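Visitor: For reference, the file coords_2.csv (CSV, C-alpha atoms) is included below:
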chain,number,residue,atom,x,y,z
S,1,MET,CA,0.0,0.0,0.0
S,2,ALA,CA,1.5,3.3,-1.1
S,3,THR,CA,2.2,6.0,1.5
S,4,TYR,CA,1.6,9.5,0.3
S,5,ASP,CA,3.2,12.6,1.7
S,6,VAL,CA,-0.1,14.4,1.9
S,7,ILE,CA,-3.7,13.1,1.9
S,8,VAL,CA,-6.2,15.9,1.1
S,9,ILE,CA,-9.8,15.2,2.1
S,10,GLY,CA,-12.0,17.2,-0.2
S,11,GLY,CA,-11.6,18.2,-3.9
S,12,GLY,CA,-13.2,21.6,-3.7
S,13,PRO,CA,-11.3,24.8,-4.6
S,14,VAL,CA,-9.3,24.9,-1.4
S,15,GLY,CA,-8.4,21.2,-1.4
S,16,SER,CA,-7.4,21.2,-5.0
S,17,TYR,CA,-5.4,24.4,-4.7
S,18,ILE,CA,-3.4,23.0,-1.8
S,19,ALA,CA,-2.9,19.7,-3.7
S,20,GLY,CA,-1.6,21.4,-6.8
S,21,CYS,CA,0.8,23.6,-4.9
S,22,LEU,CA,2.3,20.8,-2.8
S,23,ALA,CA,2.6,18.5,-5.8
S,24,ARG,CA,4.5,21.3,-7.6
S,25,HIS,CA,6.8,21.4,-4.6
S,26,GLY,CA,7.6,17.7,-5.3
S,27,HIS,CA,5.4,16.1,-2.6
S,28,GLY,CA,3.3,13.0,-3.3
S,29,VAL,CA,-0.3,14.1,-2.9
S,30,LEU,CA,-3.6,12.2,-2.9
S,31,VAL,CA,-7.0,13.9,-3.0
S,32,LEU,CA,-10.1,12.1,-1.8
S,33,GLU,CA,-13.3,13.5,-3.1
S,34,GLN,CA,-16.7,12.0,-2.3
S,35,ARG,CA,-18.4,13.3,-5.5
S,36,GLU,CA,-18.1,11.1,-8.6
S,37,LYS,CA,-17.0,14.0,-10.7
S,38,LEU,CA,-16.4,17.7,-10.4
S,39,GLY,CA,-18.2,20.5,-12.3
S,40,ALA,CA,-21.8,19.9,-11.1
S,41,PRO,CA,-23.8,22.7,-9.6
S,42,VAL,CA,-22.9,23.7,-6.1
S,43,CYS,CA,-24.7,25.9,-3.5
S,44,CYS,CA,-22.4,28.8,-4.0
S,45,THR,CA,-23.0,31.9,-6.1
S,46,GLY,CA,-19.5,32.4,-7.2
S,47,ILE,CA,-19.1,36.2,-6.8
S,48,ILE,CA,-15.5,36.9,-5.9
S,49,SER,CA,-13.4,40.0,-5.7
S,50,ARG,CA,-11.1,41.5,-8.4
S,51,GLU,CA,-8.2,40.7,-6.1
S,52,CYS,CA,-9.2,37.0,-5.9
S,53,VAL,CA,-9.4,36.7,-9.7
S,54,ALA,CA,-6.0,38.2,-10.1
S,55,ASP,CA,-4.2,36.5,-7.2
S,56,PHE,CA,-5.3,33.0,-8.1
S,57,GLY,CA,-5.4,33.2,-11.9
S,58,LEU,CA,-9.1,32.8,-12.4
S,59,ASP,CA,-9.6,35.1,-15.3
S,60,GLY,CA,-10.8,32.3,-17.6
S,61,LEU,CA,-13.7,31.5,-15.3
S,62,VAL,CA,-15.3,34.9,-15.3
S,63,LEU,CA,-18.8,35.1,-16.6
S,64,ARG,CA,-19.5,38.8,-16.1
S,65,PRO,CA,-18.2,41.8,-14.1
S,66,GLY,CA,-20.1,43.0,-11.0
S,67,ASN,CA,-20.3,46.7,-11.5
S,68,SER,CA,-23.7,47.3,-10.0
S,69,ALA,CA,-26.5,45.9,-7.9
S,70,LYS,CA,-30.1,46.7,-7.0
S,71,VAL,CA,-30.7,46.5,-3.3
S,72,PHE,CA,-34.3,46.3,-2.1
S,73,ALA,CA,-35.3,47.5,1.4
S,74,PRO,CA,-38.0,45.6,3.4
S,75,SER,CA,-40.5,48.3,2.2
S,76,GLY,CA,-39.6,47.6,-1.5
S,77,LYS,CA,-37.7,50.8,-1.9
S,78,THR,CA,-34.8,50.3,-4.3
S,79,LEU,CA,-31.2,51.5,-4.0
S,80,ARG,CA,-28.9,51.1,-6.9
S,81,LEU,CA,-25.2,50.7,-6.1
S,82,TRP,CA,-22.7,51.3,-8.9
S,83,ARG,CA,-18.9,51.4,-9.4
S,84,GLN,CA,-17.1,52.3,-12.5
S,85,GLU,CA,-14.4,49.7,-11.9
S,86,PRO,CA,-16.0,46.4,-11.0
S,87,PRO,CA,-15.0,45.4,-7.4
S,88,ALA,CA,-16.1,41.9,-8.0
S,89,TYR,CA,-16.8,39.3,-10.8
S,90,LEU,CA,-19.2,36.4,-11.2
S,91,ILE,CA,-17.3,33.3,-12.0
S,92,ASP,CA,-18.5,29.9,-13.3
S,93,ARG,CA,-18.5,28.3,-9.9
S,94,PRO,CA,-19.0,24.7,-10.9
S,95,ALA,CA,-16.1,25.1,-13.4
S,96,LEU,CA,-13.9,26.4,-10.6
S,97,ASP,CA,-13.9,23.0,-8.9
S,98,ALA,CA,-13.0,21.2,-12.2
S,99,ALA,CA,-10.3,23.8,-13.2
S,100,LEU,CA,-8.4,23.7,-10.0
S,101,ALA,CA,-8.6,19.9,-9.8
S,102,GLU,CA,-7.2,19.7,-13.4
S,103,ARG,CA,-4.4,22.0,-12.5
S,104,ALA,CA,-3.6,19.8,-9.5
S,105,GLN,CA,-3.6,16.7,-11.5
S,106,GLN,CA,-1.4,18.2,-14.2
S,107,SER,CA,1.0,19.1,-11.3
S,108,GLY,CA,1.1,15.4,-10.3
S,109,ALA,CA,-1.6,15.1,-7.6
S,110,LYS,CA,-3.6,11.9,-7.7
S,111,TYR,CA,-7.4,11.9,-7.2
S,112,VAL,CA,-9.9,9.2,-6.1
S,113,PHE,CA,-13.5,10.2,-6.8
S,114,GLY,CA,-16.5,8.7,-5.2
S,115,ALA,CA,-14.5,8.2,-2.0
S,116,ARG,CA,-16.4,8.7,1.2
S,117,VAL,CA,-14.0,9.2,4.1
S,118,GLN,CA,-15.2,7.4,7.2
S,119,ASN,CA,-12.3,7.9,9.6
S,120,VAL,CA,-9.0,9.6,10.1
S,121,ALA,CA,-6.6,7.9,12.6
S,122,ILE,CA,-3.3,9.6,13.5
S,123,ASP,CA,-0.4,8.2,15.4
S,124,GLU,CA,3.3,9.1,15.8
S,125,GLU,CA,4.3,7.6,12.5
S,126,GLN,CA,1.5,8.3,10.0
S,127,VAL,CA,-2.1,9.2,9.2
S,128,THR,CA,-4.4,6.4,8.2
S,129,VAL,CA,-7.6,7.4,6.3
S,130,THR,CA,-10.4,4.9,6.0
S,131,THR,CA,-12.7,5.5,3.0
S,132,SER,CA,-15.4,3.5,1.2
S,133,ARG,CA,-15.7,3.4,-2.5
S,134,GLU,CA,-18.1,1.2,-4.5
S,135,HIS,CA,-18.8,-1.0,-1.4
S,136,ASP,CA,-15.1,-1.5,-0.7
S,137,SER,CA,-13.1,-0.1,2.1
S,138,LEU,CA,-9.8,1.5,1.4
S,139,TYR,CA,-7.1,2.1,3.9
S,140,LEU,CA,-4.7,4.9,2.8
S,141,THR,CA,-1.7,6.1,4.7
S,142,GLY,CA,0.2,9.4,4.5
S,143,ARG,CA,2.6,11.6,6.4
S,144,VAL,CA,0.0,14.4,7.0
S,145,ALA,CA,-3.7,15.0,6.3
S,146,VAL,CA,-5.4,18.2,5.1
S,147,LEU,CA,-9.1,18.4,6.0
S,148,ALA,CA,-10.7,20.6,3.3
S,149,SER,CA,-14.1,18.9,3.0
S,150,GLY,CA,-16.2,22.0,3.7
S,151,PHE,CA,-18.3,22.8,6.7
S,152,GLY,CA,-20.6,20.1,8.0
S,153,SER,CA,-18.1,17.3,7.9
S,154,ARG,CA,-18.2,14.9,10.9
S,155,LEU,CA,-14.5,14.3,10.8
S,156,ASP,CA,-13.3,17.5,12.5
S,157,GLY,CA,-15.4,16.8,15.6
S,158,GLY,CA,-13.7,13.5,16.2
S,159,LEU,CA,-10.2,15.0,15.9
S,160,GLY,CA,-10.2,17.0,19.1
S,161,LEU,CA,-10.3,20.4,17.5
S,162,GLY,CA,-13.6,21.6,18.9
S,163,LYS,CA,-16.7,22.6,17.0
S,164,ILE,CA,-17.7,25.6,15.0
S,165,GLY,CA,-20.2,27.5,17.3
S,166,ASP,CA,-22.5,29.2,14.8
S,167,PHE,CA,-23.7,28.7,11.3
S,168,VAL,CA,-26.5,29.6,8.9
S,169,MET,CA,-28.2,27.6,6.1
S,170,GLY,CA,-27.7,28.7,2.5
S,171,VAL,CA,-30.1,27.6,-0.2
S,172,GLN,CA,-29.8,28.3,-3.9
S,173,ALA,CA,-31.2,27.2,-7.3
S,174,GLU,CA,-30.6,27.9,-10.9
S,175,VAL,CA,-33.6,29.8,-12.4
S,176,LEU,CA,-34.7,30.9,-15.9
S,177,THR,CA,-34.8,34.7,-15.9
S,178,LEU,CA,-36.6,37.5,-17.8
S,179,GLY,CA,-34.5,40.5,-18.7
S,180,LEU,CA,-32.2,40.3,-15.6
S,181,GLN,CA,-29.2,42.5,-16.2
S,182,GLU,CA,-27.6,43.0,-12.7
S,183,VAL,CA,-27.5,41.5,-9.3
S,184,GLU,CA,-30.5,42.0,-7.0
S,185,VAL,CA,-30.3,41.8,-3.2
S,186,TYR,CA,-33.4,41.6,-1.0
S,187,PHE,CA,-33.7,42.5,2.7
S,188,GLY,CA,-36.5,42.0,5.1
S,189,ARG,CA,-37.7,39.7,7.9
S,190,ALA,CA,-40.4,38.3,5.5
S,191,VAL,CA,-37.7,37.4,3.0
S,192,ALA,CA,-34.6,36.3,5.0
S,193,PRO,CA,-34.7,37.2,8.7
S,194,GLY,CA,-31.5,38.8,9.7
S,195,PHE,CA,-29.8,38.0,6.4
S,196,PHE,CA,-30.6,38.6,2.7
S,197,ALA,CA,-31.8,36.9,-0.5
S,198,TRP,CA,-30.3,37.3,-4.0
S,199,LEU,CA,-31.0,37.0,-7.7
S,200,VAL,CA,-27.9,36.9,-9.8
S,201,PRO,CA,-27.7,36.8,-13.6
S,202,THR,CA,-25.2,34.2,-14.9
S,203,THR,CA,-25.5,33.5,-18.6
S,204,SER,CA,-28.2,34.6,-21.1
S,205,GLY,CA,-31.6,33.9,-19.7
S,206,LYS,CA,-30.3,32.1,-16.6
S,207,GLY,CA,-29.5,33.2,-13.0
S,208,LEU,CA,-29.1,32.0,-9.4
S,209,ALA,CA,-31.7,32.7,-6.8
S,210,GLY,CA,-31.0,32.0,-3.1
S,211,LEU,CA,-30.9,33.2,0.5
S,212,LEU,CA,-29.4,32.7,3.9
S,213,ALA,CA,-31.6,31.8,7.0
S,214,ARG,CA,-31.0,30.4,10.4
S,215,ARG,CA,-34.1,28.2,10.2
S,216,GLY,CA,-36.9,27.5,7.8
S,217,ALA,CA,-34.6,28.1,4.8
S,218,ALA,CA,-36.7,25.8,2.5
S,219,ALA,CA,-39.9,27.7,3.3
S,220,TYR,CA,-38.4,31.1,2.8
S,221,PHE,CA,-36.9,30.0,-0.5
S,222,ARG,CA,-40.3,28.8,-1.7
S,223,LYS,CA,-41.7,32.2,-0.8
S,224,LEU,CA,-38.8,33.9,-2.7
S,225,VAL,CA,-39.4,31.9,-5.8
S,226,THR,CA,-43.1,32.7,-5.7
S,227,PHE,CA,-42.3,36.4,-5.3
S,228,LEU,CA,-39.8,36.4,-8.2
S,229,LEU,CA,-42.3,34.7,-10.4
S,230,ALA,CA,-45.1,37.1,-9.5
S,231,GLU,CA,-42.7,40.0,-10.3
S,232,GLY,CA,-42.0,38.6,-13.7
S,233,LYS,CA,-38.3,38.1,-13.0
S,234,ILE,CA,-38.2,34.3,-13.4
S,235,VAL,CA,-40.0,32.0,-15.8
S,236,SER,CA,-41.0,29.1,-13.7
S,237,PRO,CA,-41.2,28.1,-10.0
S,238,GLU,CA,-40.0,24.6,-10.9
S,239,VAL,CA,-36.4,24.7,-9.6
S,240,THR,CA,-34.1,22.3,-7.8
S,241,PRO,CA,-32.7,24.0,-4.7
S,242,LEU,CA,-29.3,23.0,-3.2
S,243,PHE,CA,-28.7,23.4,0.5
S,244,ARG,CA,-25.4,24.1,2.3
S,245,PRO,CA,-24.6,25.0,5.9
S,246,ILE,CA,-22.3,28.0,6.1
S,247,PRO,CA,-20.1,28.6,9.2
S,248,LEU,CA,-20.2,32.1,10.8
S,249,LYS,CA,-17.3,31.5,13.3
S,250,PRO,CA,-14.0,29.7,12.8
S,251,LEU,CA,-13.1,26.3,14.3
S,252,PRO,CA,-11.5,26.8,17.7
S,253,ARG,CA,-8.3,25.0,16.6
S,254,THR,CA,-7.3,24.2,13.0
S,255,TYR,CA,-4.2,22.1,13.4
S,256,GLY,CA,-3.0,19.0,15.3
S,257,GLU,CA,-0.5,16.2,15.0
S,258,ARG,CA,0.0,15.6,11.3
S,259,LEU,CA,-3.2,17.5,10.5
S,260,VAL,CA,-4.4,20.9,9.3
S,261,VAL,CA,-8.0,22.1,8.6
S,262,VAL,CA,-8.5,24.7,5.8
S,263,GLY,CA,-11.4,26.5,4.2
S,264,GLY,CA,-15.1,26.0,5.1
S,265,ALA,CA,-14.2,23.1,7.4
S,266,ALA,CA,-12.1,25.6,9.4
S,267,GLY,CA,-14.8,28.3,9.3
S,268,GLN,CA,-12.6,30.6,7.2
S,269,VAL,CA,-15.7,32.4,5.8
S,270,LYS,CA,-16.9,36.0,5.8
S,271,PRO,CA,-19.6,36.2,8.5
S,272,THR,CA,-21.1,39.2,6.8
S,273,THR,CA,-22.0,37.5,3.5
S,274,GLY,CA,-21.1,33.8,3.8
S,275,GLY,CA,-18.5,34.0,1.1
S,276,GLY,CA,-15.6,31.7,1.5
S,277,ILE,CA,-13.6,31.3,-1.7
S,278,TYR,CA,-11.1,34.1,-1.3
S,279,TYR,CA,-10.5,33.6,2.5
S,280,GLY,CA,-10.2,29.8,1.9
S,281,LEU,CA,-7.6,30.3,-0.8
S,282,LEU,CA,-5.6,32.8,1.2
S,283,CYS,CA,-5.5,30.4,4.1
S,284,ALA,CA,-4.6,27.6,1.7
S,285,ASN,CA,-1.5,29.6,0.7
S,286,ILE,CA,-0.5,29.8,4.3
S,287,ALA,CA,-1.1,26.1,4.8
S,288,VAL,CA,1.0,25.3,1.8
S,289,ALA,CA,4.0,27.2,3.1
S,290,VAL,CA,3.8,25.6,6.5
S,291,LEU,CA,3.3,22.1,5.2
S,292,HIS,CA,6.1,22.4,2.6
S,293,ARG,CA,8.5,23.4,5.3
S,294,ALA,CA,7.3,20.7,7.8
S,295,LEU,CA,7.5,18.0,5.1
S,296,THR,CA,10.9,19.1,4.1
S,297,VAL,CA,12.4,18.9,7.6
S,298,ASP,CA,10.2,15.9,8.5
S,299,ASP,CA,8.6,17.7,11.5
S,300,LEU,CA,4.8,17.2,11.3
S,301,SER,CA,4.1,17.7,15.0
S,302,ALA,CA,1.4,19.9,16.3
S,303,ARG,CA,4.0,22.3,17.5
S,304,SER,CA,5.4,22.6,14.0
S,305,LEU,CA,2.0,23.0,12.3
S,306,ALA,CA,0.8,25.6,14.8
S,307,ALA,CA,2.5,28.1,12.5
S,308,TYR,CA,-0.4,27.6,10.1
S,309,GLU,CA,-3.0,28.8,12.6
S,310,HIS,CA,-0.8,31.6,13.8
S,311,GLY,CA,-0.5,32.8,10.2
S,312,TRP,CA,-4.1,32.7,9.1
S,313,ARG,CA,-5.4,34.2,12.3
S,314,ARG,CA,-2.9,37.1,11.9
S,315,ARG,CA,-4.3,37.5,8.4
S,316,LEU,CA,-8.0,37.1,9.0
S,317,GLY,CA,-8.6,37.2,12.8
S,318,ARG,CA,-9.7,40.8,13.0
S,319,GLU,CA,-11.8,40.5,9.9
S,320,LEU,CA,-13.7,37.5,11.3
S,321,ARG,CA,-14.2,39.0,14.7
S,322,THR,CA,-15.5,42.3,13.4
S,323,GLY,CA,-17.6,40.7,10.7
S,324,TYR,CA,-19.2,38.4,13.2
S,325,TRP,CA,-20.0,41.3,15.6
S,326,ALA,CA,-21.5,43.2,12.7
S,327,ARG,CA,-23.5,40.1,11.6
S,328,ARG,CA,-25.0,39.7,15.1
S,329,LEU,CA,-25.8,43.5,15.2
S,330,PHE,CA,-27.6,43.3,11.9
S,331,GLU,CA,-29.7,40.4,13.0
S,332,ARG,CA,-31.1,42.5,15.8
S,333,LEU,CA,-32.4,45.2,13.4
S,334,GLY,CA,-36.1,45.3,12.6
S,335,ASP,CA,-37.4,46.2,9.2
S,336,TRP,CA,-37.9,49.8,10.1
S,337,GLN,CA,-34.3,50.1,11.3
S,338,VAL,CA,-33.0,48.6,8.0
S,339,ALA,CA,-35.3,51.0,6.1
S,340,LYS,CA,-33.8,53.9,8.0
S,341,ILE,CA,-30.3,52.9,6.9
S,342,PHE,CA,-31.5,52.7,3.3
S,343,ASP,CA,-32.9,56.2,3.7
S,344,ILE,CA,-29.5,57.6,4.8
S,345,ILE,CA,-27.8,56.0,1.8
S,346,SER,CA,-30.5,57.1,-0.6
S,347,ASN,CA,-30.2,60.7,0.6
S,348,GLY,CA,-26.7,60.8,-0.7
S,349,ALA,CA,-25.0,61.2,2.7
S,350,LEU,CA,-22.6,58.3,1.9
S,351,ASP,CA,-22.1,58.8,-1.8
S,352,ALA,CA,-18.4,59.8,-1.6
S,353,TRP,CA,-17.7,56.9,0.8
S,354,LEU,CA,-19.5,54.4,-1.4
S,355,GLN,CA,-17.4,55.4,-4.4
S,356,SER,CA,-14.1,55.4,-2.5
S,357,PRO,CA,-11.5,53.0,-3.9
S,358,ASP,CA,-10.9,52.0,-0.2
S,359,LEU,CA,-14.3,50.3,-0.1
S,360,SER,CA,-13.3,46.6,-0.3
S,361,PHE,CA,-15.4,43.7,-1.4
S,362,ASP,CA,-13.4,41.3,0.9
S,363,TRP,CA,-11.9,43.3,3.8
S,364,HIS,CA,-15.0,44.3,5.8
S,365,SER,CA,-13.6,45.3,9.2
S,366,GLY,CA,-12.4,48.6,8.0
S,367,VAL,CA,-15.5,49.2,6.0
S,368,ILE,CA,-17.7,48.4,9.0
S,369,LEU,CA,-15.8,50.6,11.5
S,370,LYS,CA,-15.7,53.5,9.0
S,371,LEU,CA,-19.4,53.2,8.3
S,372,LEU,CA,-20.2,53.3,12.0
S,373,THR,CA,-18.2,56.5,12.4
S,374,GLU,CA,-20.1,58.3,9.6
S,375,ARG,CA,-22.1,61.0,11.4
S,376,ALA,CA,-25.4,60.2,9.7
S,377,VAL,CA,-25.1,56.5,10.5
S,378,SER,CA,-23.9,56.9,14.1
S,379,ARG,CA,-26.6,59.5,14.8
S,380,ALA,CA,-29.3,57.2,13.4
S,381,PHE,CA,-28.1,54.2,15.5
S,382,ARG,CA,-28.2,56.3,18.6
S,383,ALA,CA,-31.7,57.4,17.8
S,384,MET,CA,-32.7,53.8,17.3
S,385,LYS,CA,-31.0,53.0,20.7
S,386,ILE,CA,-28.8,50.3,19.2
S,387,PRO,CA,-25.6,49.8,21.2
S,388,LEU,CA,-22.4,49.9,19.0
S,389,THR,CA,-20.0,48.5,21.5
S,390,ARG,CA,-18.5,45.1,20.7
S,391,LYS,CA,-18.6,42.3,23.3
Rewrite the coordinates I just gave you, this time as structure tokens.
Guide:
Amino acid sequence: MATYDVIVIGGGPVGSYIAGCLARHGHGVLVLEQREKLGAPVCCTGIISRECVADFGLDGLVLRPGNSAKVFAPSGKTLRLWRQEPPAYLIDRPALDAALAERAQQSGAKYVFGARVQNVAIDEEQVTVTTSREHDSLYLTGRVAVLASGFGSRLDGGLGLGKIGDFVMGVQAEVLTLGLQEVEVYFGRAVAPGFFAWLVPTTSGKGLAGLLARRGAAAYFRKLVTFLLAEGKIVSPEVTPLFRPIPLKPLPRTYGERLVVVGGAAGQVKPTTGGGIYYGLLCANIAVAVLHRALTVDDLSARSLAAYEHGWRRRLGRELRTGYWARRLFERLGDWQVAKIFDIISNGALDAWLQSPDLSFDWHSGVILKLLTERAVSRAFRAMKIPLTRK
């Protein structure tokens, strides 16, 4: 039985990116993916920043630029946001999985599809991964394991790393659209309590409709589809929704003896929007650097791999803490309070700020703190008796 340097559990963007990088460094890499093939629809919209496209060479996957969006208040009032230079792009999200896996395989990583991982056992000498495939059990050994299977895996809970303390359910389906030209975002407790819903154009006559909700996601999604049909924005209510839990907080610990956890499995996701592609890939880069060094010097102890967690928390810790605080604050707002914020923006008080090149699609902590120091916003929050101190 072959022993690999690295066994990556999960062939999504993060897992395949790590696999490709480590294979290019000359390490023997095996990727275990439970899906039979990559490239099928996933519950992810695929809107990523300009920086993400550039940093990770994803230009060939771009479907359209994201220059503008219509945002609907609970009252139905519309706010149109527009930037001359697109801060974000819509990519072909299913194709992203396939493209990064192909890159990894071209670099020398091996893949086993249809492999459902049942157990990960770690001792002083190696990692043993038990997986089932076509009714047979496979026992695979490696020097180190990377858990990149997305949030909701039962594996991390059994590895002594703790549990992610908060999550939301995402639901999305491809829809046939009528004249949809730009992203639409909907707020309101009748639509997605404490969160938001979306309708995003993809290719001609098609789009993605979805929402986030703590509970009752399926029921809210049915209401959303009915509403969009009544508004003449989609052609048919006959859609096939996909569901995915999305973490709002990181895993307490993301490393151990011969083990690192990356991406959604580690909770490296923006709490404000639920987007995780860019943060996951940034953390993947940190994991690659730490793993390459550890493999080279043959020190895969928890003490050695702790550098990965120190690195990604330095990079993202403030963003995740501030984003989670803002997320919990927003969930407390009633529809009339959200409408008040819409009024402030509609009145032009924040126009210069909204057009500022410093307004980032990915780095929200600075945006959140700056927004709360804007006189019109802070005055409105005081009037609404909403405390702005972080706990």
Visitor: Pick from S:Leu159, S:Ala54, S:Leu282, S:Val29: nearest to Leu140 (chain S), with all atoms listed in the file counted?
Guide: S:Val29
Visitor: Would you work out the distance separating CA of Val297 (chain S) from CA of Arg315 (chain S), expressed in Å to one decimal?
Guide: 25.0 Å
Visitor: Fewer than 5 positions away in the same chain doesn't count, so skip those; otherwise give me all residues within 7 Å of region 113-125 of chain S, counting only C-alpha atoms, as an MDAnalysis selection string.
Guide: chainID S and resid 32:37 130:133 155
Visitor: From the options S:Asn347, S:Ser301, S:Thr272, S:Thr128, which residue's atoms come nearest to Phe330 (chain S), counting only C-alpha atoms?
Guide: S:Thr272
Visitor: Measure the distance from CA of Phe151 (chain S) to CA of Pro247 (chain S) in Å and round it to one decimal.
Guide: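 Taking CA of Phe151 (chain S) as the start and CA of Pro247 (chain S) as the end point, the length is 6.6 Å.
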